[in-house]
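Raw final.tsv, TSV, C-alpha atoms and all ligand atoms:
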chain	number	residue	atom	x	y	z
A	606	MET	CA	-2.29	10.16	-21.22
A	607	ALA	CA	-3.99	6.92	-20.16
A	608	GLU	CA	-3.17	5.52	-23.59
A	609	LEU	CA	0.44	6.56	-23.16
A	610	THR	CA	0.70	4.86	-19.77
A	611	LYS	CA	-0.90	1.79	-21.31
A	612	GLU	CA	1.51	1.79	-24.17
A	613	ARG	CA	4.48	2.28	-21.86
A	614	SER	CA	3.33	-0.51	-19.59
A	615	GLN	CA	3.03	-2.80	-22.60
A	616	VAL	CA	6.54	-1.88	-23.73
A	617	ALA	CA	7.82	-2.30	-20.18
A	618	LEU	CA	6.16	-5.66	-19.92
A	619	GLU	CA	7.88	-6.89	-23.03
A	620	GLU	CA	11.20	-5.53	-21.78
A	621	THR	CA	10.68	-7.01	-18.34
A	622	LYS	CA	9.88	-10.38	-19.85
A	623	ALA	CA	13.04	-10.18	-21.87
A	624	THR	CA	15.39	-9.01	-19.11
A	625	HIS	CA	13.89	-10.81	-16.12
A	626	ALA	CA	13.37	-14.35	-17.18
A	627	VAL	CA	12.12	-15.37	-13.74
A	628	VAL	CA	9.01	-13.19	-13.55
A	629	ARG	CA	6.56	-15.57	-11.93
A	630	ALA	CA	3.41	-16.22	-13.95
A	631	PRO	CA	1.07	-18.81	-12.51
A	632	GLU	CA	-1.63	-20.25	-14.74
A	633	LYS	CA	-4.91	-18.46	-15.53
A	634	ARG	CA	-3.67	-14.90	-15.68
A	635	GLY	CA	-5.63	-11.80	-16.66
A	636	LYS	CA	-3.93	-8.92	-18.43
A	637	PRO	CA	-0.95	-7.26	-16.71
A	638	THR	CA	-1.91	-4.26	-14.58
A	639	VAL	CA	1.31	-3.38	-12.75
A	640	VAL	CA	4.87	-3.88	-13.92
A	641	VAL	CA	7.60	-3.21	-11.36
A	642	ASP	CA	10.95	-3.22	-13.10
A	643	ASN	CA	14.16	-3.30	-11.07
A	644	LEU	CA	12.77	-0.75	-8.62
A	645	HIS	CA	15.07	0.99	-6.14
A	646	ILE	CA	13.85	3.51	-3.58
A	647	VAL	CA	16.36	5.45	-1.50
A	648	TYR	CA	15.20	7.85	1.22
A	649	ARG	CA	17.45	10.75	2.05
A	650	VAL	CA	17.27	11.76	5.70
A	651	TYR	CA	18.75	15.14	6.55
A	652	GLY	CA	20.17	16.00	9.96
A	653	ALA	CA	20.56	12.29	10.78
A	654	ALA	CA	23.14	10.93	13.19
A	655	SER	CA	26.11	9.16	11.71
A	656	VAL	CA	25.80	5.39	11.83
A	657	HIS	CA	29.06	5.28	13.81
A	658	GLU	CA	27.72	7.43	16.66
A	659	LYS	CA	26.16	5.84	19.72
A	660	GLY	CA	22.68	7.03	20.74
A	661	ASN	CA	23.59	8.57	24.11
A	662	ALA	CA	22.78	12.03	25.55
A	663	ALA	CA	26.25	13.50	24.98
A	664	ASN	CA	26.20	12.55	21.31
A	665	ALA	CA	22.65	13.85	20.93
A	666	LEU	CA	23.73	17.23	22.35
A	667	MET	CA	26.79	17.33	20.09
A	668	ARG	CA	24.57	16.61	17.10
A	669	ILE	CA	22.21	19.45	18.02
A	670	LEU	CA	25.17	21.83	18.37
A	671	ARG	CA	26.73	20.60	15.13
A	672	ARG	CA	23.51	21.14	13.27
A	673	GLN	CA	24.25	24.85	13.28
A	674	GLY	CA	26.59	23.92	10.45
A	675	ARG	CA	25.64	21.78	7.47
A	676	PRO	CA	23.16	19.00	8.32
A	677	GLN	CA	24.37	15.47	7.71
A	678	MET	CA	22.57	13.40	5.15
A	679	LYS	CA	21.95	9.69	5.50
A	680	GLU	CA	20.56	7.41	2.83
A	681	VAL	CA	18.16	4.56	3.56
A	682	HIS	CA	17.97	2.09	0.70
A	683	ALA	CA	14.46	0.80	1.41
A	684	VAL	CA	13.69	-1.10	-1.83
A	685	LYS	CA	16.55	-2.81	-3.65
A	686	GLY	CA	15.93	-3.99	-7.17
A	687	VAL	CA	12.37	-5.35	-6.95
A	688	SER	CA	10.78	-6.73	-10.15
A	689	PHE	CA	7.42	-8.43	-10.67
A	690	VAL	CA	4.30	-8.29	-12.81
A	691	ALA	CA	0.80	-8.15	-11.30
A	692	TYR	CA	-2.23	-9.24	-13.30
A	693	HIS	CA	-5.90	-8.36	-13.51
A	694	GLY	CA	-7.74	-10.34	-10.84
A	695	ASP	CA	-4.72	-10.73	-8.55
A	696	ALA	CA	-4.99	-10.04	-4.82
A	697	ILE	CA	-1.37	-9.85	-3.75
A	698	GLY	CA	-0.44	-9.95	-0.06
A	699	ILE	CA	2.84	-8.30	0.86
A	700	ILE	CA	4.45	-9.66	4.00
A	701	GLY	CA	7.77	-9.21	5.78
A	702	ARG	CA	9.31	-8.02	9.00
A	703	ASN	CA	9.13	-4.41	10.22
A	704	GLY	CA	11.23	-2.20	7.99
A	705	SER	CA	11.49	-4.73	5.15
A	706	GLY	CA	10.11	-2.21	2.63
A	707	LYS	CA	6.44	-3.21	2.30
A	708	SER	CA	4.89	0.25	2.72
A	709	THR	CA	7.61	1.85	0.62
A	710	LEU	CA	6.89	-0.57	-2.22
A	711	LEU	CA	3.17	0.19	-1.98
A	712	ARG	CA	3.74	3.95	-2.00
A	713	ALA	CA	5.99	3.61	-5.04
A	714	ILE	CA	3.33	1.62	-6.92
A	715	ALA	CA	0.81	4.32	-5.99
A	716	GLY	CA	3.12	6.88	-7.60
A	717	LEU	CA	3.72	8.71	-4.31
A	718	LEU	CA	7.47	8.00	-4.25
A	719	PRO	CA	9.60	8.51	-7.34
A	720	PRO	CA	11.89	5.55	-8.15
A	721	THR	CA	15.55	6.26	-7.46
A	722	LYS	CA	16.27	3.69	-10.16
A	723	GLY	CA	14.06	1.38	-12.21
A	724	ALA	CA	10.39	1.99	-12.99
A	725	VAL	CA	6.78	1.21	-12.12
A	726	TYR	CA	4.21	1.02	-14.91
A	727	THR	CA	0.50	0.74	-14.23
A	728	ASP	CA	-2.43	0.16	-16.52
A	729	GLY	CA	-5.08	2.32	-14.87
A	730	GLN	CA	-5.13	4.57	-11.84
A	731	PRO	CA	-3.65	3.17	-8.62
A	732	SER	CA	-5.36	4.22	-5.36
A	733	LEU	CA	-3.64	3.87	-2.02
A	734	LEU	CA	-5.83	3.24	0.99
A	735	GLY	CA	-3.74	3.50	4.12
A	736	VAL	CA	-4.32	3.89	7.81
A	737	ASN	CA	-3.19	7.47	7.36
A	738	ALA	CA	-5.30	8.19	4.30
A	739	ALA	CA	-6.27	11.83	4.22
A	740	LEU	CA	-9.62	12.14	5.92
A	741	MET	CA	-10.18	15.33	7.89
A	742	LYS	CA	-10.35	14.78	11.63
A	743	ASP	CA	-12.33	17.94	12.35
A	744	LEU	CA	-15.07	17.13	9.87
A	745	THR	CA	-17.96	14.74	10.45
A	746	GLY	CA	-17.99	11.27	8.95
A	747	GLU	CA	-20.76	12.47	6.64
A	748	ARG	CA	-18.60	15.29	5.25
A	749	ASN	CA	-15.64	12.97	4.90
A	750	ILE	CA	-17.71	10.49	2.92
A	751	VAL	CA	-18.77	13.18	0.49
A	752	LEU	CA	-15.27	14.69	0.18
A	753	GLY	CA	-13.62	11.28	-0.06
A	754	CYS	CA	-15.98	10.23	-2.86
A	755	TYR	CA	-15.36	13.46	-4.77
A	756	ALA	CA	-11.63	13.00	-4.28
A	757	MET	CA	-11.95	9.60	-5.95
A	758	GLY	CA	-13.64	11.28	-8.92
A	759	MET	CA	-17.25	10.27	-8.23
A	760	THR	CA	-20.08	12.52	-9.41
A	761	PRO	CA	-22.66	14.02	-6.97
A	762	ALA	CA	-25.23	11.51	-8.26
A	763	GLN	CA	-22.86	8.60	-7.62
A	764	VAL	CA	-22.13	9.93	-4.12
A	765	ARG	CA	-25.86	10.09	-3.34
A	766	GLU	CA	-26.30	6.57	-4.65
A	767	LYS	CA	-23.43	5.13	-2.62
A	768	TYR	CA	-23.82	7.15	0.60
A	769	ASP	CA	-26.09	4.80	2.57
A	770	GLU	CA	-24.10	1.77	1.51
A	771	ILE	CA	-20.88	3.37	2.79
A	772	VAL	CA	-22.39	4.22	6.19
A	773	GLU	CA	-23.91	0.77	6.48
A	774	PHE	CA	-20.70	-1.00	5.48
A	775	SER	CA	-18.56	1.04	7.89
A	776	GLY	CA	-20.91	0.17	10.77
A	777	ILE	CA	-20.31	3.55	12.42
A	778	ASP	CA	-24.07	4.22	12.67
A	779	GLU	CA	-24.93	7.52	14.36
A	780	PHE	CA	-21.25	8.41	14.73
A	781	VAL	CA	-21.46	9.51	11.10
A	782	ASN	CA	-22.75	12.85	12.41
A	783	LEU	CA	-19.79	13.39	14.75
A	784	PRO	CA	-16.34	14.72	13.85
A	785	MET	CA	-13.84	11.98	13.09
A	786	SER	CA	-11.71	13.14	16.04
A	787	ALA	CA	-14.36	11.41	18.20
A	788	TYR	CA	-13.84	8.04	16.46
A	789	SER	CA	-11.75	5.15	17.71
A	790	SER	CA	-8.91	4.13	15.38
A	791	GLY	CA	-10.93	1.07	14.34
A	792	MET	CA	-13.93	3.20	13.40
A	793	GLY	CA	-11.72	5.54	11.36
A	794	ALA	CA	-10.14	2.60	9.53
A	795	ARG	CA	-13.55	1.08	8.79
A	796	LEU	CA	-14.87	4.34	7.38
A	797	ARG	CA	-11.77	4.76	5.20
A	798	PHE	CA	-12.13	1.25	3.84
A	799	ALA	CA	-15.87	1.75	3.24
A	800	ILE	CA	-15.24	4.97	1.30
A	801	ALA	CA	-12.36	3.61	-0.77
A	802	SER	CA	-14.13	0.40	-1.66
A	803	ALA	CA	-17.30	2.20	-2.79
A	804	LYS	CA	-15.59	2.81	-6.11
A	805	THR	CA	-14.22	0.36	-8.62
A	806	HIS	CA	-10.45	0.69	-8.69
A	807	ASP	CA	-8.06	-0.42	-11.39
A	808	VAL	CA	-5.34	-1.01	-8.83
A	809	LEU	CA	-6.20	-0.78	-5.14
A	810	LEU	CA	-3.38	-0.67	-2.59
A	811	ILE	CA	-4.35	-1.34	1.01
A	812	ASP	CA	-1.83	-0.71	3.78
A	813	GLU	CA	-2.82	-2.36	7.05
A	814	ALA	CA	-6.29	-0.84	6.83
A	815	LEU	CA	-7.89	-4.06	7.96
A	816	ALA	CA	-5.69	-4.39	11.02
A	817	THR	CA	-7.92	-2.42	13.35
A	818	GLY	CA	-11.32	-3.77	12.39
A	819	ASP	CA	-13.10	-6.43	14.43
A	820	ARG	CA	-13.77	-9.99	13.24
A	821	GLU	CA	-17.07	-9.17	11.54
A	822	PHE	CA	-15.59	-6.19	9.74
A	823	LYS	CA	-12.63	-8.28	8.56
A	824	ARG	CA	-15.02	-10.84	7.13
A	825	LYS	CA	-17.01	-8.15	5.31
A	826	SER	CA	-13.89	-6.47	3.96
A	827	GLN	CA	-12.43	-9.74	2.71
A	828	GLU	CA	-15.66	-10.36	0.86
A	829	ARG	CA	-15.50	-6.83	-0.56
A	830	ILE	CA	-11.90	-7.35	-1.70
A	831	ARG	CA	-12.95	-10.55	-3.46
A	832	GLN	CA	-15.69	-8.62	-5.29
A	833	MET	CA	-13.27	-5.86	-6.22
A	834	ARG	CA	-10.88	-8.40	-7.68
A	835	GLU	CA	-13.63	-9.74	-9.88
A	836	GLU	CA	-14.99	-6.36	-10.99
A	837	ALA	CA	-11.89	-4.30	-11.10
A	838	GLY	CA	-8.25	-5.06	-11.41
A	839	THR	CA	-5.62	-5.80	-8.86
A	840	VAL	CA	-5.55	-5.50	-5.09
A	841	PHE	CA	-2.34	-5.23	-3.05
A	842	LEU	CA	-2.64	-5.80	0.66
A	843	VAL	CA	0.07	-5.14	3.26
A	844	ALA	CA	-0.73	-6.86	6.54
A	845	HIS	CA	1.04	-8.28	9.55
A	846	ASN	CA	-1.96	-10.50	10.23
A	847	LEU	CA	-1.19	-13.57	8.13
A	848	ASP	CA	-4.73	-14.95	8.48
A	849	VAL	CA	-6.07	-11.95	6.59
A	850	ILE	CA	-3.52	-12.54	3.82
A	851	GLU	CA	-4.21	-16.27	3.68
A	852	GLU	CA	-7.96	-15.81	3.41
A	853	THR	CA	-7.87	-12.92	0.95
A	854	CYS	CA	-4.94	-13.31	-1.42
A	855	ASN	CA	-4.15	-15.60	-4.34
A	856	ARG	CA	-0.47	-14.61	-4.34
A	857	VAL	CA	2.00	-13.49	-1.67
A	858	ILE	CA	5.21	-11.48	-1.99
A	859	TRP	CA	7.62	-11.81	0.92
A	860	MET	CA	9.85	-8.74	1.33
A	861	HIS	CA	13.10	-9.08	3.23
A	862	LYS	CA	15.56	-6.21	3.70
A	863	GLY	CA	14.20	-4.39	0.66
A	864	LYS	CA	14.27	-7.39	-1.69
A	865	ILE	CA	11.75	-10.03	-2.72
A	866	LYS	CA	12.62	-13.19	-0.83
A	867	MET	CA	9.74	-15.24	-2.22
A	868	ASP	CA	6.80	-14.64	-4.57
A	869	GLY	CA	4.09	-17.17	-5.23
A	870	ASP	CA	1.33	-19.35	-3.88
A	871	PRO	CA	0.09	-18.18	-0.41
A	872	ASP	CA	0.39	-21.64	1.17
A	873	LYS	CA	4.03	-22.05	0.15
A	874	VAL	CA	5.16	-18.51	0.90
A	875	LEU	CA	3.33	-18.25	4.24
A	876	SER	CA	4.62	-21.59	5.43
A	877	ALA	CA	8.23	-20.67	4.49
A	878	TYR	CA	7.76	-17.29	6.20
A	879	THR	CA	6.42	-18.71	9.45
A	880	LYS	CA	9.20	-21.34	9.58
A	881	ASN	CA	11.79	-18.61	9.07
A	901	LIG	N1	10.06	8.64	5.20
A	901	LIG	C1	11.14	7.90	5.43
A	901	LIG	N2	12.36	8.46	5.53
A	901	LIG	C2	13.46	7.71	5.75
A	901	LIG	N3	13.46	6.38	5.88
A	901	LIG	C3	12.27	5.76	5.80
A	901	LIG	C4	11.05	6.48	5.56
A	901	LIG	N4	10.02	5.60	5.52
A	901	LIG	C5	10.58	4.37	5.71
A	901	LIG	N5	11.92	4.48	5.88
A	901	LIG	C6	12.87	3.36	6.08
A	901	LIG	O1	12.76	2.50	4.96
A	901	LIG	C7	12.83	1.15	5.37
A	901	LIG	C8	11.55	0.42	4.92
A	901	LIG	O2	10.46	0.98	5.62
A	901	LIG	P1	8.94	0.55	5.33
A	901	LIG	O3	8.06	1.44	6.13
A	901	LIG	O4	8.74	0.50	3.86
A	901	LIG	O5	8.93	-0.93	5.90
A	901	LIG	P2	7.69	-1.85	6.26
A	901	LIG	O6	8.07	-3.22	5.84
A	901	LIG	O7	6.43	-1.29	5.71
A	901	LIG	O8	7.69	-1.75	7.85
A	901	LIG	P3	6.49	-1.96	8.91
A	901	LIG	O9	6.13	-3.41	8.87
A	901	LIG	O10	7.15	-1.59	10.20
A	901	LIG	O11	5.38	-1.03	8.54
A	901	LIG	C9	13.05	1.16	6.87
A	901	LIG	O12	14.42	1.05	7.11
A	901	LIG	C10	12.54	2.52	7.29
A	901	LIG	O13	13.26	2.98	8.40
Kindly present the structure from the file in structure tokens form.
Amino acid sequence: MAELTKERSQVALEETKATHAVVRAPEKRGKPTVVVDNLHIVYRVYGAASVHEKGNAANALMRILRRQGRPQMKEVHAVKGVSFVAYHGDAIGIIGRNGSGKSTLLRAIAGLLPPTKGAVYTDGQPSLLGVNAALMKDLTGERNIVLGCYAMGMTPAQVREKYDEIVEFSGIDEFVNLPMSAYSSGMGARLRFAIASAKTHDVLLIDEALATGDREFKRKSQERIRQMREEAGTVFLVAHNLDVIEETCNRVIWMHKGKIKMDGDPDKVLSAYTKN
């Protein structure tokens, strides 16, 4: 299966090179890890209001009454023909305004959203680490560490080996014995990052997970991302905080209304984005 994916990604890479002459490839590249080929993602929202209706109370009531019949369906074209190749050792920041398609792109790379058109090929297993990653609120941090590590495919021996390091990295100290419902959002995010980064990932996708940490935690996580890039494969990072992107990434993709507006060197892309 892994071989098949590898083979397909190689084929896709060749095809992508042939059909998309402008795939950016800065010097000193590792091997390709992710190929996104003319990707389109369309969400279908059922029971949505028509775009022509105003959002007032009378229309809302009419919609509720009308819903007794067939629900209306609205399509949201969130990603519109995105193509790029990511390489081993890349840390790619994805920036863009709210609703530009950043999280959708990440979820599609993680294999959580099927492409409406086009394809995503990955060499290795992508892991998505998001602010909403599935940790169990009613369980203690300790339990979540163990479950999270198993979910990532670690063995009991590996979990025992990594446990202290995860608690120490997360900085949650004695809170590890309390249910996660007692954590602040920052503590939850730190624990999620600590768990996810305890394992070497082929392709790690991080969605705003660093947004809630404090300065010291951000520094530690940037260092950890750097290490992961060296040891593992490719890191994608969605963040609204441009400092985090600037300090962590070697490449930035700017999404605008579902399309790539710019892809390249962080200095150039960030300066064009902030002038925009
Ligand atoms: N589950 C969904 N169902 C329908 N539409 C969705 C869904 N998720 C996102 N969208 C729409 O897709 C578009 C892209 O959303 P997405 O969350 O990918 O943007 P984003 O750049 O990550 O935004 P933000 O910076 O606010 O997190 C938006 O128009 C959004 O309304």
Nearby polymer residues, ligand LIG 901 (chain A), at most 9 Å, only C-alpha atoms and all ligand atoms, as an mmCIF file with C-alpha atoms, keeping the file's coordinate frame:
data_model
loop_
_atom_site.group_PDB
_atom_site.id
_atom_site.type_symbol
_atom_site.label_atom_id
_atom_site.label_comp_id
_atom_site.auth_asym_id
_atom_site.auth_seq_id
_atom_site.Cartn_x
_atom_site.Cartn_y
_atom_site.Cartn_z
ATOM 1 C CA ILE A 646 13.850 3.510 -3.580
ATOM 2 C CA VAL A 647 16.360 5.450 -1.500
ATOM 3 C CA TYR A 648 15.200 7.850 1.220
ATOM 4 C CA ARG A 649 17.450 10.750 2.050
ATOM 5 C CA VAL A 650 17.270 11.760 5.700
ATOM 6 C CA LYS A 679 21.950 9.690 5.500
ATOM 7 C CA GLU A 680 20.560 7.410 2.830
ATOM 8 C CA VAL A 681 18.160 4.560 3.560
ATOM 9 C CA HIS A 682 17.970 2.090 0.700
ATOM 10 C CA ALA A 683 14.460 0.800 1.410
ATOM 11 C CA VAL A 684 13.690 -1.100 -1.830
ATOM 12 C CA ILE A 699 2.840 -8.300 0.860
ATOM 13 C CA ILE A 700 4.450 -9.660 4.000
ATOM 14 C CA GLY A 701 7.770 -9.210 5.780
ATOM 15 C CA ARG A 702 9.310 -8.020 9.000
ATOM 16 C CA ASN A 703 9.130 -4.410 10.220
ATOM 17 C CA GLY A 704 11.230 -2.200 7.990
ATOM 18 C CA SER A 705 11.490 -4.730 5.150
ATOM 19 C CA GLY A 706 10.110 -2.210 2.630
ATOM 20 C CA LYS A 707 6.440 -3.210 2.300
ATOM 21 C CA SER A 708 4.890 0.250 2.720
ATOM 22 C CA THR A 709 7.610 1.850 0.620
ATOM 23 C CA LEU A 710 6.890 -0.570 -2.220
ATOM 24 C CA LEU A 711 3.170 0.190 -1.980
ATOM 25 C CA ARG A 712 3.740 3.950 -2.000
ATOM 26 C CA ASP A 812 -1.830 -0.710 3.780
ATOM 27 C CA GLU A 813 -2.820 -2.360 7.050
ATOM 28 C CA VAL A 843 0.070 -5.140 3.260
ATOM 29 C CA ALA A 844 -0.730 -6.860 6.540
ATOM 30 C CA HIS A 845 1.040 -8.280 9.550
ATOM 31 C CA MET A 860 9.850 -8.740 1.330
ATOM 32 C CA HIS A 861 13.100 -9.080 3.230
ATOM 33 C CA LYS A 862 15.560 -6.210 3.700
ATOM 34 C CA GLY A 863 14.200 -4.390 0.660
#
Find the residue from A:Leu809, A:Met741, A:Ala803, A:Val781 that sits nearest to A:Gly729; use all atoms listed in the file when measuring. A:Leu809
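In this model, the gap between atom CA of A:Gly635 and atom CA of A:Gly694 comes to 6.4 Å.
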Between atom CA of A:Met792 and atom CA of A:Lys825, what distance in Å does the model show, to one decimal? 14.3 Å
Min atom-atom distance to A:Asn782 from the set A:Thr638, A:Thr745, A:Asn846, A:Asn881, counting all atoms listed in the file, belongs to A:Thr745
What separation in Å, quoted to one decimal, exists between atom CA of A:Lys685 and atom CA of A:Tyr726? 17.1 Å
Please list as a ChimeraX atom specification every residue within 12 Å of stretch 834-841 of chain A, counting all atoms listed in the file and excluding residues in the same chain fewer than 6 positions away. /A:634-640,690-700,707-708,710-712,714-715,727-735,802-814,827-828,850,853-858
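Proximity ranking of A:Phe780, A:Tyr755, A:Phe774, A:Tyr651 relative to A:Arg795 places A:Phe774 first, based on all atoms listed in the file.
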Atoms kept (N, CA and C atoms) for stretch 861-879 of chain A, as a CSV table (one decimal), in the first residue's frame:
chain,number,residue,atom,x,y,z
A,861,HIS,N,-5.5,33.0,-1.5
A,861,HIS,CA,-6.5,34.1,-1.6
A,861,HIS,C,-7.7,33.6,-2.4
A,862,LYS,N,-8.8,33.6,-1.7
A,862,LYS,CA,-10.1,33.2,-2.3
A,862,LYS,C,-10.0,31.8,-3.0
A,863,GLY,N,-9.3,30.9,-2.2
A,863,GLY,CA,-9.2,29.5,-2.7
A,863,GLY,C,-8.1,29.2,-3.7
A,864,LYS,N,-7.3,30.2,-4.1
A,864,LYS,CA,-6.3,30.0,-5.0
A,864,LYS,C,-4.9,30.4,-4.4
A,865,ILE,N,-3.8,29.9,-5.0
A,865,ILE,CA,-2.5,30.3,-4.5
A,865,ILE,C,-2.2,31.7,-5.2
A,866,LYS,N,-2.0,32.7,-4.3
A,866,LYS,CA,-1.7,34.0,-4.9
A,866,LYS,C,-0.2,34.1,-5.0
A,867,MET,N,0.6,33.5,-4.1
A,867,MET,CA,2.0,33.6,-4.2
A,867,MET,C,2.6,32.4,-3.4
A,868,ASP,N,3.7,31.9,-3.9
A,868,ASP,CA,4.4,30.7,-3.3
A,868,ASP,C,5.9,30.9,-3.4
A,869,GLY,N,6.6,31.0,-2.3
A,869,GLY,CA,8.0,31.2,-2.4
A,869,GLY,C,8.7,31.6,-1.1
A,870,ASP,N,9.7,32.3,-1.2
A,870,ASP,CA,10.6,32.7,-0.1
A,870,ASP,C,9.8,33.6,0.9
A,871,PRO,N,9.9,33.2,2.2
A,871,PRO,CA,9.1,33.9,3.2
A,871,PRO,C,9.2,35.4,3.2
A,872,ASP,N,10.4,35.9,3.0
A,872,ASP,CA,10.6,37.4,3.0
A,872,ASP,C,9.7,38.0,2.0
A,873,LYS,N,9.8,37.5,0.8
A,873,LYS,CA,9.1,38.1,-0.4
A,873,LYS,C,7.6,38.0,-0.2
A,874,VAL,N,7.2,36.7,0.2
A,874,VAL,CA,5.7,36.5,0.2
A,874,VAL,C,5.1,37.3,1.4
A,875,LEU,N,5.8,37.3,2.5
A,875,LEU,CA,5.2,38.0,3.7
A,875,LEU,C,5.2,39.5,3.4
A,876,SER,N,6.2,40.0,2.8
A,876,SER,CA,6.2,41.5,2.6
A,876,SER,C,5.1,41.9,1.6
A,877,ALA,N,4.9,41.0,0.5
A,877,ALA,CA,3.8,41.3,-0.4
A,877,ALA,C,2.5,41.2,0.3
A,878,TYR,N,2.4,40.2,1.2
A,878,TYR,CA,1.1,40.0,1.9
A,878,TYR,C,0.8,41.2,2.8
A,879,THR,N,1.8,41.7,3.6
A,879,THR,CA,1.5,42.7,4.5
A,879,THR,C,1.3,44.1,3.8
